[in-house]
Structure formats: structure tokens, C-alpha cells
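A.B. asks: So I've got this file, coords11.txt, and it contains compact mmCIF, C-alpha atoms:
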# COMPACT_ATOMS: atom_id res chain seq x y z
CA MET A 11 128.78 -94.60 161.46
CA GLU A 12 129.31 -98.38 161.58
CA VAL A 13 127.84 -101.14 163.72
CA HIS A 14 130.17 -104.10 164.15
CA PRO A 15 128.98 -107.65 164.86
CA PRO A 16 129.98 -109.19 168.22
CA HIS A 17 133.43 -110.75 168.36
CA GLU A 18 132.09 -113.85 170.13
CA PRO A 19 128.93 -115.89 169.47
CA ILE A 20 125.87 -114.94 171.53
CA HIS A 21 124.54 -117.94 173.48
CA THR A 22 122.04 -116.41 175.90
CA TRP A 23 119.29 -113.81 175.91
CA ARG A 24 121.27 -111.90 178.51
CA GLN A 25 124.21 -111.62 176.14
CA PHE A 26 121.88 -110.61 173.30
CA PHE A 27 120.22 -107.79 175.24
CA LEU A 28 123.58 -106.62 176.59
CA HIS A 29 124.93 -106.43 173.06
CA LEU A 30 121.77 -104.65 171.87
CA PHE A 31 122.03 -102.17 174.74
CA THR A 32 125.69 -101.49 173.91
CA ILE A 33 124.85 -100.85 170.26
CA THR A 34 121.96 -98.56 171.21
CA VAL A 35 124.04 -96.50 173.61
CA GLY A 36 126.83 -96.23 171.04
CA LEU A 37 124.41 -95.04 168.37
CA LEU A 38 122.84 -92.48 170.70
CA ILE A 39 126.25 -91.13 171.66
CA ALA A 40 127.31 -90.91 168.01
CA LEU A 41 124.08 -89.16 167.02
CA GLY A 42 124.40 -86.76 169.95
CA LEU A 43 127.97 -85.87 169.02
CA GLU A 44 126.97 -85.35 165.39
CA ALA A 45 124.04 -83.12 166.39
CA ALA A 46 126.27 -81.13 168.75
CA ALA A 47 128.90 -80.60 166.04
CA GLU A 48 126.21 -79.48 163.60
CA ALA A 49 124.73 -77.09 166.16
CA ILE A 50 128.16 -75.56 166.79
CA HIS A 51 128.68 -75.17 163.04
CA HIS A 52 125.27 -73.52 162.63
CA ARG A 53 125.93 -71.16 165.53
CA HIS A 54 129.28 -70.14 164.06
CA LEU A 55 127.72 -69.70 160.61
CA LEU A 56 124.93 -67.55 162.02
CA HIS A 57 127.20 -65.32 164.11
CA GLN A 58 129.62 -64.83 161.22
CA ALA A 59 126.77 -63.91 158.87
CA GLU A 60 125.32 -61.42 161.36
CA ARG A 61 128.71 -59.75 161.87
CA ASP A 62 129.35 -59.53 158.14
CA LEU A 63 125.87 -58.16 157.42
CA ARG A 64 126.13 -55.47 160.08
CA LYS A 65 129.57 -54.40 158.88
CA GLU A 66 128.45 -54.31 155.26
CA MET A 67 125.41 -52.23 156.21
CA VAL A 68 127.63 -49.71 158.03
CA ASP A 69 129.95 -49.51 155.02
CA ASN A 70 127.02 -49.15 152.63
CA HIS A 71 125.54 -46.35 154.74
CA GLU A 72 128.83 -44.46 154.44
CA HIS A 73 128.82 -44.99 150.66
CA LEU A 74 125.24 -43.73 150.53
CA PHE A 75 126.18 -40.54 152.39
CA LYS A 76 128.87 -39.78 149.79
CA ASP A 77 126.51 -40.62 146.92
CA GLU A 78 123.81 -38.29 148.26
CA ARG A 79 126.33 -35.48 148.59
CA GLN A 80 127.41 -35.98 144.98
CA LEU A 81 123.80 -36.02 143.80
CA LYS A 82 123.44 -32.46 145.12
CA VAL A 83 126.52 -31.47 143.10
CA ALA A 84 125.10 -33.21 140.03
CA THR A 85 121.78 -31.41 140.43
CA GLN A 86 123.51 -28.04 140.31
CA GLN A 87 125.72 -29.16 137.40
CA PHE A 88 122.84 -30.25 135.19
CA THR A 89 120.75 -27.25 136.17
CA ASP A 90 123.62 -25.08 134.88
CA ASN A 91 123.83 -27.24 131.75
CA LEU A 92 120.12 -26.80 131.13
CA ARG A 93 120.43 -23.02 131.49
CA LEU A 94 123.27 -22.98 128.96
CA LEU A 95 121.38 -25.17 126.49
CA ASP A 96 118.26 -23.01 126.77
CA ALA A 97 120.37 -19.95 126.01
CA LEU A 98 121.92 -21.62 122.98
CA ARG A 99 118.50 -22.65 121.72
CA ALA A 100 117.39 -19.01 122.00
CA HIS A 101 120.47 -17.96 119.99
CA ALA A 102 121.90 -16.02 122.94
CA ALA A 103 125.61 -15.48 123.36
CA VAL A 104 126.94 -17.92 125.92
CA LYS A 105 130.25 -18.74 127.49
CA GLY A 106 131.40 -22.06 128.89
CA GLU A 107 130.84 -25.69 128.10
CA LEU A 108 128.61 -28.42 129.39
CA SER A 109 129.85 -30.37 132.39
CA PHE A 110 129.33 -34.12 132.72
CA HIS A 111 131.19 -34.96 135.92
CA TRP A 112 129.46 -37.60 138.00
CA TYR A 113 130.14 -39.99 140.86
CA TRP A 114 128.32 -43.00 142.22
CA ASP A 115 129.78 -45.59 144.56
CA GLY A 116 126.75 -47.74 145.23
CA MET A 117 125.99 -50.34 147.88
CA GLN A 118 127.45 -53.83 148.05
CA SER A 119 125.63 -57.10 148.83
CA SER A 120 128.42 -59.68 149.24
CA ALA A 121 127.53 -60.46 152.87
CA TRP A 122 123.83 -60.79 151.99
CA ASP A 123 124.56 -63.09 149.04
CA THR A 124 126.85 -65.25 151.18
CA ALA A 125 124.33 -65.49 154.03
CA ARG A 126 121.63 -66.54 151.58
CA ASP A 127 123.78 -69.06 149.71
CA THR A 128 125.17 -70.71 152.88
CA GLY A 129 121.74 -71.03 154.49
CA ALA A 130 122.59 -68.64 157.34
CA LEU A 131 119.42 -66.63 156.73
CA ALA A 132 117.31 -69.69 157.51
CA LEU A 133 119.01 -69.95 160.93
CA MET A 134 118.07 -66.37 161.93
CA PRO A 135 114.94 -65.35 163.80
CA TYR A 136 112.30 -64.43 161.25
CA GLU A 137 112.19 -60.78 162.34
CA ASP A 138 115.95 -60.34 161.84
CA ALA A 139 115.98 -62.06 158.46
CA GLN A 140 113.04 -59.94 157.36
CA GLY A 141 114.79 -56.78 158.57
CA PHE A 142 117.92 -57.54 156.57
CA ALA A 143 115.77 -58.40 153.53
CA VAL A 144 114.10 -54.97 153.68
CA VAL A 145 117.47 -53.19 153.85
CA TYR A 146 119.01 -55.09 150.95
CA GLY A 147 115.83 -54.90 148.92
CA GLN A 148 115.85 -51.10 149.12
CA GLN A 149 119.59 -51.04 148.38
CA ASP A 150 118.94 -52.99 145.20
CA ILE A 151 116.23 -50.52 144.15
CA VAL A 152 118.60 -47.58 144.72
CA ASN A 153 121.43 -49.27 142.81
CA ARG A 154 119.18 -50.04 139.85
CA GLU A 155 117.89 -46.46 139.75
CA SER A 156 121.48 -45.22 139.80
CA GLU A 157 122.09 -47.16 136.58
CA ILE A 158 119.31 -45.14 134.94
CA TYR A 159 120.90 -41.93 136.20
CA THR A 160 124.34 -42.75 134.81
CA ALA A 161 122.83 -43.87 131.48
CA ASP A 162 121.03 -40.51 131.30
CA ILE A 163 124.34 -38.66 131.52
CA TYR A 164 125.84 -40.50 128.58
CA ARG A 165 122.63 -40.02 126.61
CA ILE A 166 122.84 -36.24 127.06
CA GLY A 167 126.36 -36.08 125.67
CA SER A 168 125.78 -38.44 122.76
CA SER A 169 125.34 -35.53 120.33
CA LEU A 170 128.86 -34.31 121.17
CA GLN A 171 130.58 -37.59 120.33
CA GLY A 172 133.39 -37.37 117.82
CA GLY A 173 134.61 -34.01 119.06
CA ARG A 174 131.56 -32.02 118.00
CA LYS A 175 131.04 -28.59 119.56
CA LEU A 176 127.89 -27.09 120.99
CA SER A 177 128.03 -24.32 118.43
CA GLY A 178 127.78 -26.88 115.63
CA LEU A 179 124.61 -28.60 116.86
CA GLN A 180 121.35 -28.31 114.98
CA PRO A 181 118.23 -26.92 116.74
CA ALA A 182 116.69 -30.39 116.85
CA GLU A 183 119.81 -31.76 118.52
CA LEU A 184 119.70 -28.98 121.09
CA ASP A 185 116.05 -29.78 121.74
CA THR A 186 116.98 -33.41 122.36
CA MET A 187 119.79 -32.45 124.73
CA ILE A 188 117.46 -30.14 126.63
CA ALA A 189 114.83 -32.88 126.96
CA ASN A 190 117.45 -35.42 128.09
CA THR A 191 118.85 -32.98 130.65
CA GLN A 192 115.39 -32.36 132.04
CA GLN A 193 114.85 -36.12 132.27
CA THR A 194 118.19 -36.49 134.05
CA LEU A 195 117.24 -33.88 136.64
CA SER A 196 113.96 -35.70 137.20
CA ASP A 197 115.78 -39.03 137.62
CA ILE A 198 118.28 -37.45 140.02
CA GLN A 199 115.38 -36.23 142.16
CA HIS A 200 113.81 -39.69 142.11
CA LEU A 201 117.14 -41.29 143.02
CA GLY A 202 117.62 -38.78 145.83
CA ASP A 203 114.18 -39.59 147.26
CA LEU A 204 115.00 -43.31 147.17
CA CYS A 205 118.27 -42.59 148.97
CA LYS A 206 116.39 -40.70 151.71
CA GLY A 207 114.12 -43.72 152.09
CA LEU A 208 117.15 -45.98 152.42
CA ASP A 209 118.59 -43.62 155.04
CA THR A 210 115.43 -44.10 157.10
CA ILE A 211 115.57 -47.87 156.67
CA TYR A 212 119.19 -47.92 157.85
CA ALA A 213 118.19 -45.93 160.94
CA ASN A 214 115.33 -48.34 161.70
CA ALA A 215 117.64 -51.34 161.19
CA GLY A 216 119.94 -50.25 164.00
CA HIS A 217 118.57 -52.99 166.28
CA LEU A 218 119.60 -55.78 163.91
For the file at hand, write its structure as C-alpha cells.

C.D. replies:
Amino acid sequence: MEVHPPHEPIHTWRQFFLHLFTITVGLLIALGLEAAAEAIHHRHLLHQAERDLRKEMVDNHEHLFKDERQLKVATQQFTDNLRLLDALRAHAAVKGELSFHWYWDGMQSSAWDTARDTGALALMPYEDAQGFAVVYGQQDIVNRESEIYTADIYRIGSSLQGGRKLSGLQPAELDTMIANTQQTLSDIQHLGDLCKGLDTIYANAGHL
């Protein structure tokens, strides 16, 4: 924004005030146009962020549904593993091998990160911003707990690395595998409870 000096010398007070008035009006118009452009930009930024957040929440809810379904499968799998390990520890004849199949998709936060980094969250009504924060906060808790769950699975099978067979494990190693499997089942239950909580939060966030 520039203010140019008059092209001709000012000789009277009337000319001075006319020039001052012209400058003032020009500045007000320029400031008004700048404020209008900024308001339009903020409105576009806000609407885009809200659309992206709602879409990401819908997608994440679908991922969560699949994850919860797979947790039920995993619960049965590791319950069967525990039964087999207990039988081995008791020196009973057993058939079959341990199963370590698992699946976890997890929830994304790209729209949330973008809204935060661009300042779109600050443009939202406080209640809406707080609602999104609750959803993504719980998603983060669930995702972090899922990392514990997947680490548990690899910990259980660590004794079988290098092609070792169940029949070749020492009693102490079987005890460790049993304890780790029990811990995994406990962590799966905890993760499942967190997922149910997130389900409820998604349902309550339907108005966002």
C-alpha cells in the first residue's frame, strides 16, 4: 500500500483538506478490500478443514470397525495358542502350531494435522474445535495402544526365531511364551475397550 504525494503544489487549506480526504478514503478502501480478501480466505480455509475432518473421521470409523472385528479373531487365535502352550508345558501330546496372524489398520490424522498447522482450528467455534480434539485425542490413544499389541505378538514368537520348533523349547522358554501370551490377551482386551470408547465418541461427534 503506497501513498503518493500530490502532483501539484498545495496552495490553500481547501486543497490540503481535499488531498487529506482523498488519501483517507483511499486508505480505508484499501484496508477494507484487504480485510474482505482475508475474511474470504479464512472462510475457505475453515470450510475446507471442516470437510476434510469430517471425511477423515468417517474413514477412520470404517477402519476402526475392521480393526475391532480382527481383534475378536486375534482373541480366539491367542486363546488357542495359550491352550496349546499349556498342554506342551504339561508334557501332553499336541497337534498343530502356534498362529501369529494379525491385522491393524489404525486411524489417520492428516486432516487434523493440516487444520492445526494452517490455523483453521483457531477459526472454528470453540465447541467444534474441542469436539474434534476429543475425537483425535482418543484416536491417538487407541493407535498407541495398538503398537503395544503388535509388539506383544512379536515378543511371543521371539523364542521361535531361527527356525526353532515348539518341541525344542525348554520349560523356561515355554513359561515365558505362556506369560507373554497371557499379557497379549490382556492388552487385546484393553485395546478393545478403548476401541469401544472411540466408537461412542464417534457417535457423539455426529453433530460436528

A.B. asks: May I have the residues at most 8 Å from (125.3, -49.1, 150.0) in the file's coordinates, counting all atoms listed in the file, as a compact mmCIF listing (two decimals) with C-alpha atoms, keeping the file's coordinate frame?

C.D. replies:
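Result went into selection_29.txt, see below:
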# COMPACT_ATOMS: atom_id res chain seq x y z
CA MET A 67 125.41 -52.23 156.21
CA ASP A 69 129.95 -49.51 155.02
CA ASN A 70 127.02 -49.15 152.63
CA HIS A 71 125.54 -46.35 154.74
CA GLU A 72 128.83 -44.46 154.44
CA HIS A 73 128.82 -44.99 150.66
CA LEU A 74 125.24 -43.73 150.53
CA ASP A 115 129.78 -45.59 144.56
CA GLY A 116 126.75 -47.74 145.23
CA MET A 117 125.99 -50.34 147.88
CA GLN A 118 127.45 -53.83 148.05
CA GLN A 149 119.59 -51.04 148.38

A.B. asks: What is the distance, in Å and to one decimal place, between atom CA of Thr194 of chain A and atom CA of Ala143 of chain A?

C.D. replies: 29.4 Å

A.B. asks: For atom CA of Cys205 of chain A and atom CA of Val152 of chain A, determine how far apart the two atoms are, in Å to one decimal place.

C.D. replies: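 Separation between atom CA of Cys205 of chain A and atom CA of Val152 of chain A: 6.6 Å.
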
A.B. asks: Just to confirm, what's the straight-line distance from atom CA of Glu107 of chain A to atom CA of Leu81 of chain A in Å (one decimal)?

C.D. replies: 20.1 Å

A.B. asks: Excluding Thr85 of chain A and its own-chain neighbours fewer than 6 positions away, which residues fall within 10 Å of it when counting all atoms listed in the file? Please give them as an NGL selection string.

C.D. replies: :A and (91 or 194-196 or 198-199)

A.B. asks: Considering only C-alpha atoms, can you say which of A:Gln87, A:Asn190, A:Asn153, A:Ser177 comes closest to Val104 of chain A?

C.D. replies: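 Closest to Val104 of chain A of all the choices is A:Ser177.
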
A.B. asks: Which residues come within 9 Å of Ile166 of chain A, counting only C-alpha atoms, excluding same-chain residues fewer than 5 positions away, as a list of chain:residue names?

C.D. replies: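 With the cut-off at 9 Å, the set is A:Phe110, A:Ala161, A:Thr186, A:Met187, A:Ile188, A:Ala189, A:Asn190, A:Thr191, A:Thr194.
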
A.B. asks: For Ala139 of chain A, please output as a compact mmCIF listing (two decimals) with C-alpha atoms, keeping the file's coordinate frame all residues within 10 Å (counting only C-alpha atoms; exclusion window: fewer than 6 positions along the same chain).

C.D. replies:
# COMPACT_ATOMS: atom_id res chain seq x y z
CA GLU A 60 125.32 -61.42 161.36
CA ARG A 126 121.63 -66.54 151.58
CA ALA A 130 122.59 -68.64 157.34
CA LEU A 131 119.42 -66.63 156.73
CA ALA A 132 117.31 -69.69 157.51
CA LEU A 133 119.01 -69.95 160.93
CA LEU A 218 119.60 -55.78 163.91

A.B. asks: Using only C-alpha atoms, which of A:Leu98, A:Ala59, A:Val83, A:Ala103 sits nearest Thr128 of chain A?

C.D. replies: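 Selected residue with least distance to Thr128 of chain A: A:Ala59.
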
A.B. asks: Calculated over all atoms listed in the file, which of the candidates A:Thr124, A:Ser156, A:Gln193, A:Gln148 has the smallest distance to Ile211 of chain A?

C.D. replies: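 Looking only at the distances to Ile211 of chain A, the closest residue turns out to be A:Gln148.
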
A.B. asks: Pick the closest to Gly207 of chain A from A:Trp114, A:Glu78, A:Ala97, A:Ala84: which is it, counting all atoms listed in the file?

C.D. replies: A:Glu78

A.B. asks: I need the residue nearest Leu201 of chain A from this list: A:Ala182, A:Asp96, A:Leu170, A:Gln80. Use all atoms listed in the file for the distance.

C.D. replies: A:Gln80

A.B. asks: For Leu55 of chain A, which residue out of A:Gln171, A:Gly216, A:Gln180, A:Met134 is the nearest one, using only C-alpha atoms?

C.D. replies: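 Counting only C-alpha atoms, the residue closest to Leu55 of chain A is A:Met134.
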